[in-house]
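Engineer: The structure file protein.txt (compact mmCIF, C-alpha atoms) is provided below.
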# COMPACT_ATOMS: atom_id res chain seq x y z
CA MET A 1391 -26.73 13.17 0.17
CA VAL A 1392 -29.54 13.07 2.75
CA THR A 1393 -28.78 9.45 3.65
CA VAL A 1394 -25.12 10.36 4.17
CA LEU A 1395 -26.12 13.13 6.58
CA VAL A 1396 -28.51 10.78 8.39
CA ALA A 1397 -25.73 8.20 8.84
CA GLY A 1398 -23.33 10.76 10.25
CA ALA A 1399 -25.87 12.50 12.49
CA THR A 1400 -27.23 9.22 13.91
CA ALA A 1401 -23.75 7.90 14.72
CA LEU A 1402 -22.80 11.26 16.27
CA VAL A 1403 -25.81 11.24 18.59
CA VAL A 1404 -25.30 7.60 19.59
CA ALA A 1405 -21.61 8.12 20.36
CA LEU A 1406 -22.08 11.49 22.07
CA PHE A 1407 -24.76 10.28 24.47
CA GLY A 1408 -23.80 6.62 24.59
CA THR A 1409 -20.17 7.15 25.63
CA PRO A 1410 -20.91 8.59 29.12
CA LEU A 1411 -23.25 5.65 29.77
CA PHE A 1412 -20.47 3.26 28.77
CA ILE A 1413 -18.02 5.17 30.99
CA ARG A 1414 -20.30 4.62 34.00
CA PHE A 1415 -20.64 0.95 33.11
CA LEU A 1416 -16.85 0.50 32.90
CA THR A 1417 -16.20 2.54 36.05
CA ARG A 1418 -18.57 0.41 38.14
CA ARG A 1419 -16.60 -2.67 37.07
CA ASN A 1420 -13.16 -1.06 37.46
CA TYR A 1421 -12.32 -1.65 33.80
CA GLY A 1422 -9.48 0.87 33.68
CA GLN A 1423 -6.43 1.30 31.46
CA PHE A 1424 -3.18 -0.36 32.51
CA ILE A 1425 -0.23 2.00 31.79
CA ARG A 1426 3.10 0.66 30.49
CA GLN A 1427 6.02 1.19 32.86
CA ASP A 1428 8.36 2.05 29.95
CA GLY A 1429 6.15 4.87 28.66
CA PRO A 1430 6.30 8.59 29.53
CA THR A 1431 5.97 9.08 33.30
CA ALA A 1432 3.32 11.76 32.75
CA HIS A 1433 0.99 8.98 31.61
CA TYR A 1434 0.94 7.31 35.03
CA THR A 1435 -1.85 9.67 36.09
CA LYS A 1436 -4.03 8.09 33.37
CA ARG A 1437 -3.96 4.70 35.05
CA GLY A 1438 -7.47 3.51 35.74
CA THR A 1439 -9.14 5.60 33.02
CA PRO A 1440 -11.92 3.50 31.43
CA THR A 1441 -10.89 1.88 28.16
CA MET A 1442 -12.50 -0.25 25.41
CA GLY A 1443 -14.33 2.85 24.18
CA GLY A 1444 -13.99 1.47 20.66
CA VAL A 1445 -17.14 -0.52 21.47
CA VAL A 1446 -19.13 2.72 21.32
CA ILE A 1447 -17.50 3.78 18.04
CA ILE A 1448 -18.32 0.44 16.42
CA LEU A 1449 -21.90 0.35 17.69
CA ALA A 1450 -22.53 3.96 16.68
CA THR A 1451 -21.21 3.20 13.18
CA LEU A 1452 -23.43 0.15 12.82
CA ILE A 1453 -26.50 2.03 14.03
CA GLY A 1454 -25.77 5.04 11.82
CA TYR A 1455 -25.41 2.83 8.77
CA ALA A 1456 -28.56 0.84 9.58
CA VAL A 1457 -30.71 3.92 10.23
CA SER A 1458 -29.56 5.62 7.01
CA ASN A 1459 -30.51 2.53 5.00
CA LEU A 1460 -33.89 2.26 6.72
CA THR A 1461 -34.58 5.95 6.12
CA ALA A 1462 -33.85 5.58 2.42
CA GLY A 1463 -35.67 2.26 2.15
CA ARG A 1464 -32.61 0.60 0.66
CA THR A 1465 -30.87 -2.67 1.43
CA PRO A 1466 -27.15 -2.94 2.27
CA ASN A 1467 -24.83 -4.01 -0.53
CA ALA A 1468 -21.86 -6.36 -0.55
CA SER A 1469 -19.14 -3.71 -0.17
CA GLY A 1470 -20.79 -2.12 2.85
CA LEU A 1471 -21.34 -5.43 4.61
CA LEU A 1472 -17.76 -6.51 3.91
CA LEU A 1473 -16.35 -3.30 5.35
CA LEU A 1474 -18.51 -3.66 8.46
CA PHE A 1475 -17.34 -7.26 8.82
CA LEU A 1476 -13.73 -6.08 8.76
CA ILE A 1477 -14.40 -3.32 11.31
CA VAL A 1478 -16.32 -5.55 13.71
CA GLY A 1479 -13.98 -8.52 13.28
CA LEU A 1480 -10.87 -6.54 14.16
CA GLY A 1481 -12.80 -4.78 16.92
CA VAL A 1482 -13.58 -8.14 18.52
CA ILE A 1483 -9.87 -9.05 18.48
CA GLY A 1484 -9.04 -5.69 20.04
CA PHE A 1485 -11.75 -6.18 22.65
CA ALA A 1486 -10.28 -9.53 23.67
CA ASP A 1487 -6.85 -7.89 23.93
CA ASP A 1488 -8.21 -5.01 26.06
CA TYR A 1489 -10.21 -7.30 28.32
CA ILE A 1490 -7.21 -9.51 29.10
CA LYS A 1491 -5.11 -6.44 29.93
CA ILE A 1492 -7.77 -5.13 32.29
CA SER A 1493 -8.71 -8.39 33.97
CA ARG A 1494 -5.08 -9.42 34.53
CA GLN A 1495 -3.73 -5.89 35.14
CA ARG A 1496 -0.84 -6.17 32.72
CA SER A 1497 0.30 -4.25 29.66
CA LEU A 1498 0.38 -7.40 27.52
CA GLY A 1499 -3.04 -8.62 26.49
CA LEU A 1500 -3.93 -11.30 23.96
CA ARG A 1501 -0.97 -13.52 23.18
CA ALA A 1502 0.73 -12.64 19.89
CA ARG A 1503 -0.03 -16.05 18.42
CA TRP A 1504 -3.77 -15.72 18.99
CA LYS A 1505 -3.83 -12.11 17.83
CA ILE A 1506 -2.11 -13.11 14.58
CA ILE A 1507 -4.50 -16.04 14.10
CA GLY A 1508 -7.50 -13.80 14.73
CA GLN A 1509 -6.32 -11.07 12.38
CA ALA A 1510 -5.44 -13.65 9.72
CA PHE A 1511 -8.91 -15.21 9.94
CA VAL A 1512 -10.64 -11.85 9.57
CA GLY A 1513 -8.26 -10.65 6.87
CA ILE A 1514 -8.36 -13.82 4.77
CA THR A 1515 -12.14 -14.03 5.00
CA PHE A 1516 -12.46 -10.39 3.96
CA ALA A 1517 -10.03 -10.81 1.05
CA VAL A 1518 -11.69 -13.95 -0.30
CA LEU A 1519 -15.19 -12.48 -0.07
CA ALA A 1520 -14.03 -9.18 -1.62
CA LEU A 1521 -13.46 -11.03 -4.90
CA GLN A 1522 -16.93 -12.60 -4.81
CA PHE A 1523 -20.43 -11.16 -5.28
CA PRO A 1524 -20.18 -9.79 -8.83
CA ASN A 1525 -22.99 -7.40 -9.73
CA GLU A 1526 -24.78 -7.17 -13.08
CA ASN A 1527 -21.67 -5.54 -14.57
CA PHE A 1528 -19.42 -8.32 -13.19
CA ARG A 1529 -17.77 -5.99 -10.69
CA THR A 1530 -16.71 -7.41 -7.35
CA PRO A 1531 -16.05 -5.28 -4.23
CA GLY A 1532 -12.30 -5.86 -4.49
CA SER A 1533 -9.97 -6.18 -7.44
CA THR A 1534 -6.78 -8.11 -8.10
CA HIS A 1535 -5.39 -4.97 -9.75
CA VAL A 1536 -3.07 -2.87 -7.60
CA SER A 1537 -4.58 0.60 -7.28
CA VAL A 1538 -3.28 4.12 -6.77
CA VAL A 1539 -6.17 6.52 -7.39
CA ARG A 1540 -7.93 3.82 -9.40
CA ASP A 1541 -6.92 0.37 -10.64
CA THR A 1542 -3.62 0.24 -12.50
CA SER A 1543 -2.51 -2.23 -15.16
CA ILE A 1544 -0.62 -4.24 -12.51
CA ASP A 1545 -2.73 -7.35 -12.04
CA LEU A 1546 -1.94 -9.82 -9.25
CA ALA A 1547 -3.72 -12.46 -11.35
CA PHE A 1548 -1.10 -12.21 -14.11
CA ALA A 1549 -0.42 -15.95 -13.89
CA GLY A 1550 -3.95 -17.19 -13.37
CA THR A 1551 -6.94 -16.86 -11.06
CA PHE A 1552 -5.63 -19.04 -8.24
CA LEU A 1553 -2.29 -17.24 -7.95
CA GLY A 1554 -4.15 -13.94 -8.20
CA LEU A 1555 -6.34 -14.93 -5.25
CA VAL A 1556 -3.33 -15.97 -3.16
CA LEU A 1557 -1.43 -12.76 -3.92
CA PHE A 1558 -4.51 -10.64 -3.27
CA ILE A 1559 -5.03 -12.33 0.11
CA LEU A 1560 -1.41 -11.59 1.04
CA TRP A 1561 -1.64 -7.99 -0.21
CA ALA A 1562 -4.96 -7.30 1.53
CA ASN A 1563 -3.72 -8.79 4.80
CA PHE A 1564 -0.58 -6.68 4.61
CA LEU A 1565 -2.69 -3.53 4.23
CA ILE A 1566 -5.04 -4.54 7.05
CA THR A 1567 -2.19 -5.34 9.43
CA ALA A 1568 -0.24 -2.21 8.49
CA TRP A 1569 -3.15 0.21 8.93
CA SER A 1570 -4.50 -1.37 12.11
CA ASN A 1571 -1.03 -1.24 13.69
CA ALA A 1572 -0.56 2.34 12.46
CA VAL A 1573 -3.70 3.58 14.21
CA ASN A 1574 -2.80 1.51 17.26
CA LEU A 1575 0.63 3.19 17.50
CA THR A 1576 -0.92 6.64 17.01
CA ASP A 1577 -3.38 6.09 19.84
CA GLY A 1578 -0.93 7.26 22.50
CA LEU A 1579 -2.25 10.73 23.37
CA ASP A 1580 -5.76 11.84 24.28
CA GLY A 1581 -7.83 12.32 21.14
CA LEU A 1582 -4.94 12.05 18.68
CA ALA A 1583 -5.98 8.90 16.80
CA THR A 1584 -9.70 9.66 17.10
CA GLY A 1585 -9.42 13.12 15.53
CA ALA A 1586 -6.99 12.03 12.82
CA SER A 1587 -9.20 9.06 11.94
CA ALA A 1588 -12.26 11.30 11.59
CA MET A 1589 -10.35 13.39 9.03
CA VAL A 1590 -9.34 10.32 7.02
CA PHE A 1591 -12.93 9.05 7.01
CA ALA A 1592 -14.12 12.47 5.88
CA ALA A 1593 -11.80 12.14 2.89
CA TYR A 1594 -13.09 8.68 2.09
CA THR A 1595 -16.69 9.82 2.41
CA VAL A 1596 -16.00 12.50 -0.23
CA ILE A 1597 -14.15 10.00 -2.45
CA ALA A 1598 -16.94 7.41 -2.22
CA MET A 1599 -19.62 10.01 -2.97
CA TRP A 1600 -17.61 11.26 -5.96
CA GLN A 1601 -17.13 7.73 -7.24
CA SER A 1602 -20.85 7.12 -6.86
CA ASN A 1603 -21.70 10.22 -8.90
CA GLN A 1604 -19.05 9.39 -11.51
CA ASN A 1605 -19.67 5.65 -11.63
CA CYS A 1606 -19.30 4.04 -15.06
CA GLN A 1607 -22.49 2.10 -14.48
CA PHE A 1608 -24.66 5.22 -14.34
CA LEU A 1609 -23.07 7.54 -16.92
CA SER A 1610 -25.09 8.11 -20.07
CA ASP A 1611 -22.01 8.63 -22.24
CA PRO A 1612 -20.56 5.17 -23.04
CA SER A 1613 -17.21 6.64 -24.03
CA ALA A 1614 -16.76 7.95 -20.48
CA ALA A 1615 -16.40 4.38 -19.28
CA TRP A 1616 -12.88 4.41 -20.76
CA SER A 1617 -11.77 7.71 -19.28
CA ALA A 1618 -12.72 9.34 -15.98
CA CYS A 1619 -15.50 7.20 -14.50
CA TYR A 1620 -14.89 4.70 -11.70
CA GLU A 1621 -15.27 0.93 -11.79
CA VAL A 1622 -16.15 0.66 -8.10
CA ARG A 1623 -18.91 -1.53 -6.73
CA ASP A 1624 -21.29 0.05 -4.16
CA PRO A 1625 -19.54 3.39 -3.50
CA ARG A 1626 -22.77 4.78 -2.04
CA ASP A 1627 -22.67 2.17 0.73
CA LEU A 1628 -19.08 3.11 1.47
CA SER A 1629 -20.00 6.79 1.75
CA LEU A 1630 -22.65 5.92 4.34
CA ILE A 1631 -20.16 3.98 6.46
CA GLY A 1632 -17.61 6.78 6.08
CA ALA A 1633 -20.13 9.33 7.33
CA ALA A 1634 -21.15 7.06 10.20
CA LEU A 1635 -17.50 6.66 11.21
CA ILE A 1636 -17.02 10.44 11.18
CA GLY A 1637 -20.02 10.92 13.47
CA ALA A 1638 -18.94 8.08 15.75
CA CYS A 1639 -15.39 9.42 16.07
CA LEU A 1640 -16.51 13.00 16.72
CA GLY A 1641 -19.09 11.94 19.30
CA PHE A 1642 -16.47 9.81 21.05
CA LEU A 1643 -13.87 12.59 20.78
CA TRP A 1644 -16.04 14.80 22.99
CA TRP A 1645 -15.16 12.46 25.86
CA ASN A 1646 -11.77 11.30 24.57
CA ALA A 1647 -10.21 14.78 24.20
CA SER A 1648 -7.65 15.81 26.83
CA PRO A 1649 -8.08 15.06 29.64
CA ALA A 1650 -9.64 11.87 28.33
CA GLN A 1651 -12.48 10.37 30.33
CA ILE A 1652 -12.24 7.18 28.25
CA PHE A 1653 -9.78 5.56 25.85
CA MET A 1654 -10.72 3.71 22.66
CA GLY A 1655 -8.26 0.91 23.45
CA ASP A 1656 -7.24 -1.74 20.94
CA THR A 1657 -10.97 -2.31 20.37
CA GLY A 1658 -11.14 1.05 18.63
CA SER A 1659 -7.68 1.37 17.13
CA LEU A 1660 -7.72 -2.01 15.38
CA ALA A 1661 -11.25 -1.40 14.10
CA LEU A 1662 -10.46 2.09 12.78
CA GLY A 1663 -7.21 0.94 11.20
CA GLY A 1664 -9.07 -1.92 9.55
CA ALA A 1665 -11.63 0.57 8.27
CA ILE A 1666 -8.92 2.63 6.55
CA ALA A 1667 -7.49 -0.51 4.93
CA GLY A 1668 -10.97 -1.60 3.88
CA PHE A 1669 -11.73 1.77 2.31
CA SER A 1670 -8.44 1.72 0.39
CA ILE A 1671 -9.23 -1.73 -1.02
CA LEU A 1672 -12.92 -1.23 -1.77
CA THR A 1673 -12.54 2.25 -3.31
CA HIS A 1674 -9.47 1.08 -5.25
CA THR A 1675 -7.19 3.73 -3.73
CA GLN A 1676 -4.61 1.57 -2.01
CA PHE A 1677 -1.57 3.81 -2.52
CA LEU A 1678 -3.52 7.07 -2.29
CA ALA A 1679 -4.37 5.99 1.27
CA ILE A 1680 -0.70 6.45 2.17
CA VAL A 1681 -1.09 10.16 1.44
CA ILE A 1682 -4.55 10.55 2.99
CA GLY A 1683 -3.44 8.77 6.16
CA GLY A 1684 -0.01 10.39 6.06
CA LEU A 1685 0.09 11.15 9.78
CA PHE A 1686 -0.30 7.47 10.63
CA VAL A 1687 2.43 6.59 8.13
CA ILE A 1688 4.81 9.16 9.66
CA ILE A 1689 4.22 7.76 13.15
CA VAL A 1690 4.78 4.17 12.01
CA MET A 1691 7.96 5.16 10.21
CA SER A 1692 9.27 6.87 13.34
CA ASP A 1693 8.89 3.56 15.18
CA VAL A 1694 10.54 1.61 12.36
CA ILE A 1695 13.45 4.06 12.18
CA GLN A 1696 13.93 3.99 15.96
CA ILE A 1697 14.01 0.20 16.15
CA GLY A 1698 16.12 -0.27 13.02
CA PHE A 1699 18.68 2.38 13.97
CA PHE A 1700 18.95 1.09 17.54
CA LYS A 1701 19.55 -2.49 16.37
CA ALA A 1702 22.17 -1.30 13.89
CA THR A 1703 24.07 1.18 16.07
CA GLY A 1704 22.82 0.84 19.64
CA LYS A 1705 21.76 4.48 19.55
CA ARG A 1706 18.35 6.17 19.32
CA VAL A 1707 17.17 8.72 16.76
CA PHE A 1708 14.25 9.92 18.90
CA ARG A 1709 13.96 10.37 22.67
CA MET A 1710 11.15 7.82 22.52
CA ALA A 1711 9.09 6.29 19.73
CA PRO A 1712 6.45 6.62 18.37
CA LEU A 1713 7.05 10.23 17.33
CA HIS A 1714 4.48 11.93 19.60
CA HIS A 1715 6.33 10.63 22.67
CA HIS A 1716 9.56 12.19 21.35
CA PHE A 1717 7.96 15.64 21.49
CA GLU A 1718 6.30 14.84 24.80
CA LEU A 1719 9.67 14.11 26.41
CA GLY A 1720 10.99 17.27 24.76
CA GLY A 1721 8.63 19.36 26.88
CA TRP A 1722 5.71 19.88 24.51
CA GLY A 1723 2.29 19.80 26.16
CA GLU A 1724 -0.02 16.95 25.24
CA VAL A 1725 -2.69 19.26 23.82
CA THR A 1726 -0.08 21.13 21.75
CA ILE A 1727 1.19 17.88 20.23
CA VAL A 1728 -2.31 16.64 19.44
CA ILE A 1729 -3.41 19.88 17.76
CA ARG A 1730 -0.23 20.15 15.70
CA PHE A 1731 -0.45 16.52 14.64
CA TRP A 1732 -4.10 17.09 13.71
CA LEU A 1733 -2.91 19.93 11.47
CA ILE A 1734 -0.48 17.53 9.79
CA ALA A 1735 -3.30 15.00 9.37
CA ALA A 1736 -5.52 17.68 7.82
CA LEU A 1737 -2.77 18.69 5.37
CA CYS A 1738 -2.28 15.04 4.35
CA VAL A 1739 -6.03 14.63 3.80
CA ALA A 1740 -6.16 17.83 1.73
CA LEU A 1741 -3.20 16.69 -0.37
CA GLY A 1742 -4.77 13.26 -0.90
CA LEU A 1743 -8.08 14.75 -2.02
CA GLY A 1744 -6.22 17.15 -4.28
CA LEU A 1745 -4.38 14.27 -5.96
CA PHE A 1746 -7.65 12.35 -6.31
CA TYR A 1747 -9.37 15.27 -8.02
CA ALA A 1748 -6.35 16.12 -10.16
CA GLU A 1749 -6.25 12.56 -11.50
CA TRP A 1750 -9.96 12.78 -12.40
CA VAL A 1751 -9.46 16.09 -14.23
CA THR A 1752 -6.51 14.63 -16.13
CA ALA A 1753 -8.41 11.44 -17.00
CA ALA A 1754 -11.47 13.40 -18.10
Spit out the file's structure as structure tokens when you get a sec.
Structural biologist:
Amino acid sequence: MVTVLVAGATALVVALFGTPLFIRFLTRRNYGQFIRQDGPTAHYTKRGTPTMGGVVIILATLIGYAVSNLTAGRTPNASGLLLLFLIVGLGVIGFADDYIKISRQRSLGLRARWKIIGQAFVGITFAVLALQFPNENFRTPGSTHVSVVRDTSIDLAFAGTFLGLVLFILWANFLITAWSNAVNLTDGLDGLATGASAMVFAAYTVIAMWQSNQNCQFLSDPSAAWSACYEVRDPRDLSLIGAALIGACLGFLWWNASPAQIFMGDTGSLALGGAIAGFSILTHTQFLAIVIGGLFVIIVMSDVIQIGFFKATGKRVFRMAPLHHHFELGGWGEVTIVIRFWLIAALCVALGLGLFYAEWVTAA
């Protein structure tokens, strides 16, 4: 528990005091946000606000995780390193996208082809490595079994190891792409994605700590291995990263809340979305993540509905998609939208944790 607190506190301090330094650095170089012409007109005043703040979130997370391990005198495990690889890898792609937007003063950054190639490289590497590094109990960080609250009987390797690997790569990359795009779409109002992400990571910190305490490897009762315990590799490492992400997001939110002095940019949104996908895969809660991250799912679905309905009928369901812009054009204040959406995010997190605990009680 102490190491978890150290991870969160360290990341919080780094982000809280590091963000204004990064803002000054970006301001001196005129690295400001380019605003889309087809977005809400109220956003034009945000043009020039420093962006790429996701760099601070990523660095604070890495430092928080490293310091917590040093404090406890422990070495990082495979699951933790894999999750950090996913976060940093997607963050690098987002950074390239942000930098091109800023340097060329256009709303389109990295070309779609290169973004897809970059995300595919990171996603495939993560997926392949997630099925490696078995521990003494032959557990790997990832599993070919589709998971809800834990692994189900649905095994992607039903027709052999090779097909299982291919299907797992496709499934993992779908989750990574879906969650990274979901956070990216949500990052349209000051502090909205940052605050909602912190809540999701709080849920995953609790889940990882619970899985660590109820891990089949450490229970004295052998019969428990067939009931309520969790076959998850390195949950303690995941709890440290979850806590570090909470601290990093909250420290950054101090400066990102309305009126934002800095935006996270694609650097942050892709990294945070990748983190959610990584947690869902490594804690074996792939479908539970849909509930925990329900706000992001709602916002993505609003975009899907808008595009699909417009192509089918030529009419729009919402004034503008994603959903937060619909309410913005309806006269709601930005702060009002953000707070109310945070409440929705909190309810989704509470529901997800409730389902997680209820499943454990039932299994026990």
Engineer: So which residues touch A:Gly1723 within 12 Å, counting only C-alpha atoms, skipping near sequence neighbours fewer than 3 positions away, as a count of residues only?
Structural biologist: 17
Engineer: Rank A:Ala1502, A:Leu1743, A:Thr1393, A:Gly1585 by their smallest atom-to-atom distance to A:Trp1645, using all atoms listed in the file, and report the top residue only.
Structural biologist: A:Gly1585
Engineer: Can you pull out the residues contacting A:Ile1631? Cut-off 12 Å, using only C-alpha atoms, and skip same-chain residues under 6 positions away; I want them as a ChimeraX atom specification.
Structural biologist: /A:1393-1401,1447-1459,1466-1467,1469-1475,1477,1588,1591-1592,1594-1596,1598-1599,1624-1625,1637-1638,1662,1665-1666,1668-1669
Engineer: Please define a box with edges along x, y and z of the file around all atoms of stretch 1640-1644 of chain A given in the file, extend it by 6 Å on each side, and return its centre and edge lengths in Å to one decimal, as AutoDock Vina command-line options.
Structural biologist:
--center_x -16.5 --center_y 12.3 --center_z 19.9 --size_x 17.2 --size_y 17.0 --size_z 18.3
Engineer: Give me, please, the distance in Å between atom CA of A:Leu1406 and atom CA of A:Leu1643, quoted to one decimal.
Structural biologist: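 Between atom CA of A:Leu1406 and atom CA of A:Leu1643 the gap works out to 8.4 Å.
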Engineer: Atom CA of A:Phe1407 and atom CA of A:Phe1642 are how many Å apart?
Structural biologist: 9.0 Å
Engineer: Between atom CA of A:Ala1562 and atom CA of A:Ala1661, what distance in Å does the model show, to one decimal?
Structural biologist: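 Atom-to-atom, atom CA of A:Ala1562 to atom CA of A:Ala1661, that is 15.2 Å.
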Engineer: Would you please work out which residue, of A:Ala1593, A:Leu1733, A:Leu1628, A:Ala1647, is nearest to A:Val1681 when using all atoms listed in the file?
Structural biologist: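 With all atoms listed in the file as the atom set, the closest residue is A:Ala1593.
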Engineer: Which is closer to A:Gly1632 than all the others in A:Val1590, A:Ile1652, A:Leu1546, A:Gly1663, using only C-alpha atoms?
Structural biologist: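 Result for the nearest residue to A:Gly1632: A:Val1590.
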Engineer: Using all atoms listed in the file, can you tell me which of A:Leu1555, A:Val1536, A:Ile1490, A:Val1512 comes closest to A:Gly1655?
Structural biologist: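 Under the stated criterion, the closest residue is A:Ile1490.
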Engineer: Could you check the closest approach to A:Gly1444 for each of A:Ala1510, A:Leu1519, A:Ile1566, A:Met1654 and tell me which residue wins, using only C-alpha atoms?
Structural biologist: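 Smallest separation from A:Gly1444 among the options: A:Met1654.
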Engineer: Just want the 12 Å neighbourhood of A:Met1589, counted on only C-alpha atoms, with same-chain residues fewer than 5 positions away dropped. Output as a PyMOL selection string.
Structural biologist: chain A and resi 1582-1584+1594-1596+1632-1633+1635-1637+1639-1640+1662+1666+1682-1686+1731-1740+1742-1743
Engineer: Of the candidates A:Asn1646, A:Thr1441, A:Gln1601, A:Thr1657, which shows the shortest atom-to-atom distance to A:Leu1500, using only C-alpha atoms?
Structural biologist: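 Selected residue with least distance to A:Leu1500: A:Thr1657.
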Engineer: Quick one: residues within 10 Å of A:Phe1412, all atoms listed in the file, excluding same-chain residues fewer than 2 positions away - as a PyMOL selection string?
Structural biologist: chain A and resi 1405+1407-1410+1414-1418+1440-1443+1445-1446+1652
Engineer: Would you pick out the contacts of A:Pro1712 at 8 Å or less, using only C-alpha atoms, so that residues sharing its chain but fewer than 4 positions from it are not included, and give the list as an NGL selection string?
Structural biologist: :A and (1575-1576 or 1689-1690 or 1692-1693 or 1716)
Engineer: Could you add N, CA and C atoms to stretch 1438-1458 of chain A and give me the result as a short mmCIF file (atom, residue, chain, number, x, y, z; two decimals), in the coordinates of the input?
Structural biologist:
data_model
loop_
_atom_site.label_atom_id
_atom_site.label_comp_id
_atom_site.auth_asym_id
_atom_site.auth_seq_id
_atom_site.Cartn_x
_atom_site.Cartn_y
_atom_site.Cartn_z
N GLY A 1438 -6.12 3.68 35.23
CA GLY A 1438 -7.47 3.51 35.74
C GLY A 1438 -8.54 4.17 34.91
N THR A 1439 -8.15 4.99 33.90
CA THR A 1439 -9.14 5.60 33.02
C THR A 1439 -9.85 4.50 32.23
N PRO A 1440 -11.19 4.55 32.17
CA PRO A 1440 -11.92 3.50 31.43
C PRO A 1440 -11.42 3.37 30.01
N THR A 1441 -11.35 2.15 29.52
CA THR A 1441 -10.89 1.88 28.16
C THR A 1441 -11.93 1.03 27.43
N MET A 1442 -11.59 0.51 26.28
CA MET A 1442 -12.50 -0.25 25.41
C MET A 1442 -13.59 0.63 24.82
N GLY A 1443 -13.33 1.95 24.75
CA GLY A 1443 -14.33 2.85 24.18
C GLY A 1443 -14.60 2.60 22.71
N GLY A 1444 -13.75 1.83 22.06
CA GLY A 1444 -13.99 1.47 20.66
C GLY A 1444 -15.31 0.76 20.48
N VAL A 1445 -15.82 0.13 21.54
CA VAL A 1445 -17.14 -0.52 21.47
C VAL A 1445 -18.20 0.49 21.06
N VAL A 1446 -18.14 1.68 21.63
CA VAL A 1446 -19.13 2.72 21.32
C VAL A 1446 -18.97 3.17 19.87
N ILE A 1447 -17.74 3.35 19.42
CA ILE A 1447 -17.50 3.78 18.04
C ILE A 1447 -18.07 2.76 17.05
N ILE A 1448 -17.83 1.49 17.31
CA ILE A 1448 -18.32 0.44 16.42
C ILE A 1448 -19.85 0.39 16.42
N LEU A 1449 -20.44 0.41 17.60
CA LEU A 1449 -21.90 0.35 17.69
C LEU A 1449 -22.55 1.56 17.04
N ALA A 1450 -21.97 2.74 17.27
CA ALA A 1450 -22.53 3.96 16.68
C ALA A 1450 -22.45 3.90 15.15
N THR A 1451 -21.36 3.34 14.63
CA THR A 1451 -21.21 3.20 13.18
C THR A 1451 -22.25 2.25 12.61
N LEU A 1452 -22.43 1.12 13.27
CA LEU A 1452 -23.43 0.15 12.82
C LEU A 1452 -24.84 0.73 12.84
N ILE A 1453 -25.16 1.44 13.91
CA ILE A 1453 -26.50 2.03 14.03
C ILE A 1453 -26.70 3.14 13.00
N GLY A 1454 -25.68 3.98 12.82
CA GLY A 1454 -25.77 5.04 11.82
C GLY A 1454 -26.00 4.50 10.42
N TYR A 1455 -25.26 3.45 10.08
CA TYR A 1455 -25.41 2.83 8.77
C TYR A 1455 -26.80 2.20 8.61
N ALA A 1456 -27.25 1.51 9.65
CA ALA A 1456 -28.56 0.84 9.58
C ALA A 1456 -29.70 1.86 9.45
N VAL A 1457 -29.65 2.91 10.26
CA VAL A 1457 -30.71 3.92 10.23
C VAL A 1457 -30.75 4.63 8.88
N SER A 1458 -29.59 4.94 8.31
CA SER A 1458 -29.56 5.62 7.01
C SER A 1458 -30.17 4.74 5.92
#
